[in-house]
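Student: This structure is in structure tokens; I'll ask about it shortly.
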Amino acid sequence: MLAYAIRRFGQSLFVLVLMSFLVFVGVYAIGNPVDLLVNPQADEVERVRATAALGLDKPFLEQYWVFLKGAASGDLGKSFVYNVPALTLILDKLPATIELAFVAMVMAISLGIPLGLVAGLKPDSFVGRGIMAGSILGFSLPTFWVGLVLIMVFSVQLGWLPSNGRGDTLDVAGVPVSFLTVDGLAHLAMPAVNLALFKLSLLIRLTRAGTREAVLQDYVKFARAKGLSQTRVIGVHVLKNILIPIVTVIGLELGSVIAFAIVTESIFAWPGTGKLLIDSINQLDRPVIVAYLLVIVTLFIVINFVVDVLYSLLDPRVRLGGAAASH
Amino acid sequence: MIRTLRLALAALALLGLPALATAKERDVSIGLQAAITSMDPHYHNLSPNNSMMLHVFEPLIKRDDNQKLVPGLATSWKALDDLTWEFKLRKNVRFHDGTPFTADDVVFTLKRVPNVPNSPSSFATFTKPIVDVKVVDPHTIAFKTATPHVLLPSDLASVLIVSKLNGEKAATEDYNSGKATIGTGPYKFAEYIPNQRVVLKANYGYWGGEQPWDKVTFKILTNPSARVAALLSGDVQMIETVPTADIAKLSRDPKYSLADKVSNRVIYVHLNQSTEKSPPYVTDKSGNPLEKNPFRDARVRKALSIAVNRDAIVDRVMEKKAVAAAQLLPDFFYGTSKKLKPAKYDPEGAKKLLAEAGYPNGFALTIHGPNNRYINDDKVAQAIAQFYSRIGIDAKVETMPSSVYFTRATKLEFGYMVLGWGTESGEQGSSLRSLLATYNRDKGMGVTNRGRYSNPEFDKVLATALVTMDDKKREALIQQAAEMAMNDTALIPLHYEVSTWATSKGFRYTPRTDQYTLATGLKPAK
């Protein structure tokens, strides 16, 4: 287990360095931030000054080397635009995004798995068909449009929920969270639903497919024949066996919800990292783009690690030793 | 059943909105379209920042709704000779911390402006011409320049005065945190969260009188639909830059009112005249380069100008929120010529001019433009291409995000470039200098002349204008230069953008040409 963790860590480090280099090259190829930042009426002296102030006067590889040296000591550079450390800027916004993502995922999981089970166990019933029809809607409606419709209905027409922002927050161990205040919950409701909708549909379909397959298996028939209760058959024999693909997908989707909540964040002006990323890309604020992607990649790595550990807990046949595992 | 459910939900919603329920009448929220990148008034010369900082800090000379210069922290100013200016400062003005405003604060400000570390776009351009400052008495100050600098008052209108006491040891971070954000303006700093919101509180001791609002919250709502939704749901009472698609709907609704005004931003075309032969993306119809650069021929430039139906663009593409342009600023600004009229749409005349210039069968070009910078910028480029197909020019359109576009345009990688220019100084001399003077970066001439238009006679008239101290004589010279350039179609002016604000009923906004959104311009409607 320890050797496994160390090897994973080494691989992760390599991925991080490679990724930061690719982003550097990418941003370098897009354009020169000075062209966007400097006032167009400025003369050459001012352009030269700004270029030097941002460290863009050095050769490309030297810029990257400066970045690597800083990164080794935990300094990912200062935002060109905001003049604050890029990492601080992101970590200030990250709690909002993570909170939104978790609430959305909890909604999706707590509704998606039960609904998927129902649809899988009674595929031909009215309820089962209804759930599947609903999941098609959740899949095919664009997030952007659903978000606007939610705002039009609940904020504009009914006036029940605020249309944007995060509302009052409470500090939990120094991290501001919204879900502990009523005002925060009101602000959280629509963006979380909007974000959860797609994941919910995905989980419903996945659970249903798994369930339909599992109920035909011999061990389920055998469990039934033994006279076990319906709850135990479904809860233990069916559910536990279909959970592996579901956990994988939940892990991946959690990462992607954190990384790509951009559309939802911009529609609801949710002050998270997605909105920051879009603005940074538009302004070629390289330190922020690089730091953001590094943070997100790290998150993905951690989530994948947790998923792997979960596998081994769910399925005793999976061992985390890599080559040591025997089949 | 449904009724109880509705009641329950409504009760829940009320609980959830204590802010709305208890919002005071003298509090107001405003939705902005772009992030404020700093609360340091000298860190980043960027319109949204400059607009925000005007609440907290003030310049010596202010600009009114039409960008005319009016007294600010200075009550009067005059040129003693060609190189010396004397400013009388306003007395009995206090900073937010109660300390008095004096000439020392001006001296400190001028020293700080060029020395803000890491500034991505500094204000040094405005202070550089001043080589020496002399404090005559606490309320009189004299500025020396090395060469006659007629734009000094206009330059100083862009420099906000900070407090020496609070600013001496302060860095940009101290302005962002509010520690040093102490000005003389009508509002005080209360809170700044990057990319989210800025909160200001009224300065009750303001020398310019009482403000109608106790607390102003600026929310950053970059997404246009989100901005409109926030207004419709009552989360904000005013938004800037109403998307053209929503203007018609909002103007029909009695719950909202719109305010608009032609802005200082002209949308125009630079024709790349830098090359002897074909400029990039300009070829004959079979894709071969041309022997000569057609854009160096004034007849071709004129043909490309009169082939564009500006009225149609204004009517259909811009939904009337634009005004056809004849020069670089609408003709009520300083230095604009009333003689210049928008080019009349004349496709036949354009064909004739092309034939005269040796292109009876036209040629091919690609129109390049941004797609996220100006109002409907990509649609404008599409419209132009269609007009050109009517005079026998094969026009393709390629638009791209501004982060890619402007770097490539500056490197002159395009032939036909759709661009925009906002004249912050409010006088046409500075725009002619940046956009059309012969390119010479070291001298600060033609710094944004991406067409590389060069006309020695025009340069001469403009150079004389820029050192003529007499306002009337200078204006005549700038007008003359503008007429020379426009009659030569040095660039193709298309339209001036109209900026639009929308307010809820009960509020009234005084629109501005500089596109700034100021809480001081928002009043309760009578």
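Ordering of the structure tokens sets the chain letters (A, B, ...), residue numbers begin anew at 1 in every chain, and ligands are numbered from 1 in the order given.
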Compile the contact shell of Ile478 (chain B) as a count of residues only: residues with an atom at most 9 Å away, counting only C-alpha atoms, same-chain residues fewer than 6 positions apart removed.
Tutor: 11
Student: Excluding Met318 (chain B) and any residue of its chain fewer than 3 positions from it, enumerate the residues within 8 Å of it, using only C-alpha atoms, and give them as JSON, numbers by chain.
Tutor: {"B": [244, 313, 314, 315, 321, 322, 375, 376]}
Student: Could you save the residues just selected, with all heavy atoms, as a CSV table (one decimal), in the first residue's frame?
Tutor:
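So the final result, stored in again_24.csv, reads:
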```csv
chain,number,residue,atom,x,y,z
B,244,THR,N,-28.0,44.0,-26.7
B,244,THR,CA,-28.9,44.5,-27.8
B,244,THR,C,-30.2,43.7,-27.9
B,244,THR,O,-31.3,44.3,-28.1
B,244,THR,CB,-28.3,44.6,-29.1
B,244,THR,OG1,-27.4,43.5,-29.3
B,244,THR,CG2,-27.5,45.9,-29.3
B,313,ILE,N,-26.2,48.8,-41.2
B,313,ILE,CA,-25.5,48.2,-40.0
B,313,ILE,C,-26.1,48.8,-38.7
B,313,ILE,O,-26.5,48.0,-37.8
B,313,ILE,CB,-24.0,48.5,-40.1
B,313,ILE,CG1,-23.4,47.7,-41.2
B,313,ILE,CG2,-23.4,48.1,-38.8
B,313,ILE,CD1,-21.9,47.8,-41.4
B,314,VAL,N,-26.3,50.1,-38.7
B,314,VAL,CA,-26.9,50.7,-37.5
B,314,VAL,C,-28.3,50.2,-37.2
B,314,VAL,O,-28.6,49.8,-36.1
B,314,VAL,CB,-26.9,52.3,-37.6
B,314,VAL,CG1,-27.7,52.9,-36.5
B,314,VAL,CG2,-25.5,52.8,-37.6
B,315,ASP,N,-29.1,50.1,-38.2
B,315,ASP,CA,-30.5,49.7,-38.1
B,315,ASP,C,-30.7,48.2,-37.7
B,315,ASP,O,-31.4,47.9,-36.8
B,315,ASP,CB,-31.3,49.9,-39.4
B,315,ASP,CG,-31.9,51.3,-39.4
B,315,ASP,OD1,-31.6,52.1,-38.5
B,315,ASP,OD2,-32.7,51.6,-40.4
B,321,LYS,N,-28.7,51.0,-31.8
B,321,LYS,CA,-27.8,51.4,-30.7
B,321,LYS,C,-26.4,51.7,-31.2
B,321,LYS,O,-25.4,51.2,-30.7
B,321,LYS,CB,-27.8,50.4,-29.6
B,321,LYS,CG,-29.2,50.2,-28.9
B,321,LYS,CD,-29.6,51.5,-28.3
B,321,LYS,CE,-31.1,51.4,-27.8
B,321,LYS,NZ,-31.7,52.7,-27.5
B,322,ALA,N,-26.4,52.6,-32.2
B,322,ALA,CA,-25.1,53.0,-32.8
B,322,ALA,C,-25.4,54.2,-33.7
B,322,ALA,O,-26.6,54.4,-34.0
B,322,ALA,CB,-24.4,51.9,-33.6
B,375,ILE,N,-19.6,45.6,-29.2
B,375,ILE,CA,-21.0,45.2,-29.4
B,375,ILE,C,-21.2,44.6,-30.7
B,375,ILE,O,-20.9,45.3,-31.8
B,375,ILE,CB,-21.9,46.4,-29.1
B,375,ILE,CG1,-21.6,47.0,-27.8
B,375,ILE,CG2,-23.4,45.9,-29.2
B,375,ILE,CD1,-22.4,48.3,-27.5
B,376,ASN,N,-21.6,43.4,-30.8
B,376,ASN,CA,-21.9,42.7,-32.1
B,376,ASN,C,-20.8,42.7,-33.1
B,376,ASN,O,-21.0,42.7,-34.3
B,376,ASN,CB,-23.2,43.2,-32.7
B,376,ASN,CG,-24.4,43.0,-31.9
B,376,ASN,OD1,-24.4,42.2,-31.0
B,376,ASN,ND2,-25.4,43.8,-32.1
```
Student: According to DSSP computed on the backbone, where in region 123-333 of chain B is there strand (DSSP E or B)? Give the residues as a PyMOL selection string.
Tutor: chain B and resi 130-137+140-145+160-161+187-193+197-202+215-220+238-240+256-271+282-283+322-324
Student: Could I get the residues of chain A with an atom no further than 8 Å from an atom of chain B, each paired with its nearest atom pair and that distance in Å to one decimal, using only C-alpha atoms, sorted by chain and residue number, as CSV?
Tutor:
```
residue,atom,partner,partner_atom,distance
A:Ile30,CA,B:Val404,CA,5.5
A:Gly31,CA,B:Val404,CA,5.3
A:Asn32,CA,B:Thr407,CA,5.8
A:Pro33,CA,B:Ser403,CA,7.7
A:Val34,CA,B:Pro120,CA,7.3
A:Asp35,CA,B:Thr407,CA,5.8
A:Leu36,CA,B:Ser403,CA,6.8
A:Leu37,CA,B:Pro120,CA,5.8
A:Val38,CA,B:Ser121,CA,4.4
A:Asn39,CA,B:Ser121,CA,6.0
A:Pro40,CA,B:Thr448,CA,6.5
A:Gln41,CA,B:Ser434,CA,6.3
A:Ala42,CA,B:Thr125,CA,6.4
A:Asp43,CA,B:Gly444,CA,4.8
A:Glu44,CA,B:Arg441,CA,5.3
A:Val45,CA,B:Asp442,CA,7.3
A:Glu46,CA,B:Thr125,CA,7.3
A:Ala50,CA,B:Pro120,CA,5.3
A:Thr51,CA,B:Pro120,CA,7.9
A:Ala53,CA,B:Asn118,CA,4.8
A:Leu54,CA,B:Asn118,CA,6.2
A:Phe80,CA,B:Pro120,CA,6.6
A:Val81,CA,B:Thr37,CA,6.2
A:Tyr82,CA,B:Thr37,CA,5.2
A:Asn83,CA,B:Asn118,CA,6.9
A:Val84,CA,B:Glu173,CA,7.7
A:Leu148,CA,B:Ser225,CA,7.7
A:Ile151,CA,B:Ala229,CA,6.9
A:Met152,CA,B:Ala229,CA,7.1
A:Ser155,CA,B:Ser233,CA,5.2
A:Val156,CA,B:Ser233,CA,4.3
A:Gln157,CA,B:Ser233,CA,7.8
A:Gly159,CA,B:Ser233,CA,6.4
A:Trp160,CA,B:Ala13,CA,4.8
A:Leu161,CA,B:Ala13,CA,6.2
A:Pro162,CA,B:Asp235,CA,6.8
A:Ser163,CA,B:Ala230,CA,5.7
A:Asn164,CA,B:Ala230,CA,6.8
A:Val182,CA,B:Gly16,CA,5.0
A:Asp183,CA,B:Gly16,CA,4.3
A:Gly184,CA,B:Gly16,CA,7.6
A:Leu185,CA,B:Gly16,CA,7.4
A:Ala186,CA,B:Gly16,CA,5.4
A:Ser266,CA,B:Asn223,CA,6.0
A:Ile267,CA,B:Ala226,CA,5.2
A:Phe268,CA,B:Ala226,CA,6.4
A:Ala269,CA,B:Leu221,CA,5.9
A:Pro271,CA,B:Gln196,CA,5.9
A:Leu276,CA,B:Asn195,CA,7.0
A:Ile281,CA,B:Ser403,CA,7.9
A:Asn282,CA,B:Ser403,CA,5.7
A:Gln283,CA,B:Ser403,CA,6.2
A:Leu284,CA,B:Ser403,CA,6.6
```
Student: Need to verify the contact set: Ile296 (chain A), 8 Å, only C-alpha atoms, exclusion of same-chain residues closer than 2 positions in sequence. Can you return it as a list in words?
Tutor: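 Selected residues are Gly255, Ile258, Ala259, Tyr292, Leu293, Leu294, Thr298, Leu299 and Phe300 of chain A.
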Student: Identify which of the residues B:Val262, B:Ala476, B:Leu32, B:Ile306 lies closest to Phe387 (chain B), counting only C-alpha atoms when measuring atom-to-atom distances.
Tutor: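 Selected residue with least distance to Phe387 (chain B): B:Ile306.
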Student: Report, in Å with one decimal, the straight-line distance from CA of Ala108 (chain A) to CA of Lys199 (chain A).
Tutor: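 One can read the CA of Ala108 (chain A) to CA of Lys199 (chain A) distance as 5.9 Å.
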Student: I need the residue nearest Val133 (chain B) from this list: B:Thr84, B:Ser278, B:Thr181, B:Thr503. Use only C-alpha atoms for the distance.
Tutor: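 For Val133 (chain B), the nearest of the given residues is B:Thr84.
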Student: Which distance in Å separates CA of Asp260 (chain B) and CA of Ser499 (chain B), to one decimal?
Tutor: 5.5 Å
Student: Given only C-alpha atoms as the basis, pick out the residue of A:Lys240, A:Arg317, A:Arg208, A:Arg166 nearest to Phe179 (chain A).
Tutor: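 Using only C-alpha atoms, the shortest distance to Phe179 (chain A) belongs to A:Arg166.
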Student: Quick one: DSSP alpha helix (DSSP H) residues in region 354-437 of chain B, as an MDAnalysis selection string?
Tutor: chainID B and resid 354:356 377:389 402:410 428:435
Student: Could you check how far CA of Gln217 (chain A) sits from CA of Gly112 (chain A), in Å to one decimal?
Tutor: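 Computed distance, CA of Gln217 (chain A) to CA of Gly112 (chain A), equals 22.6 Å.
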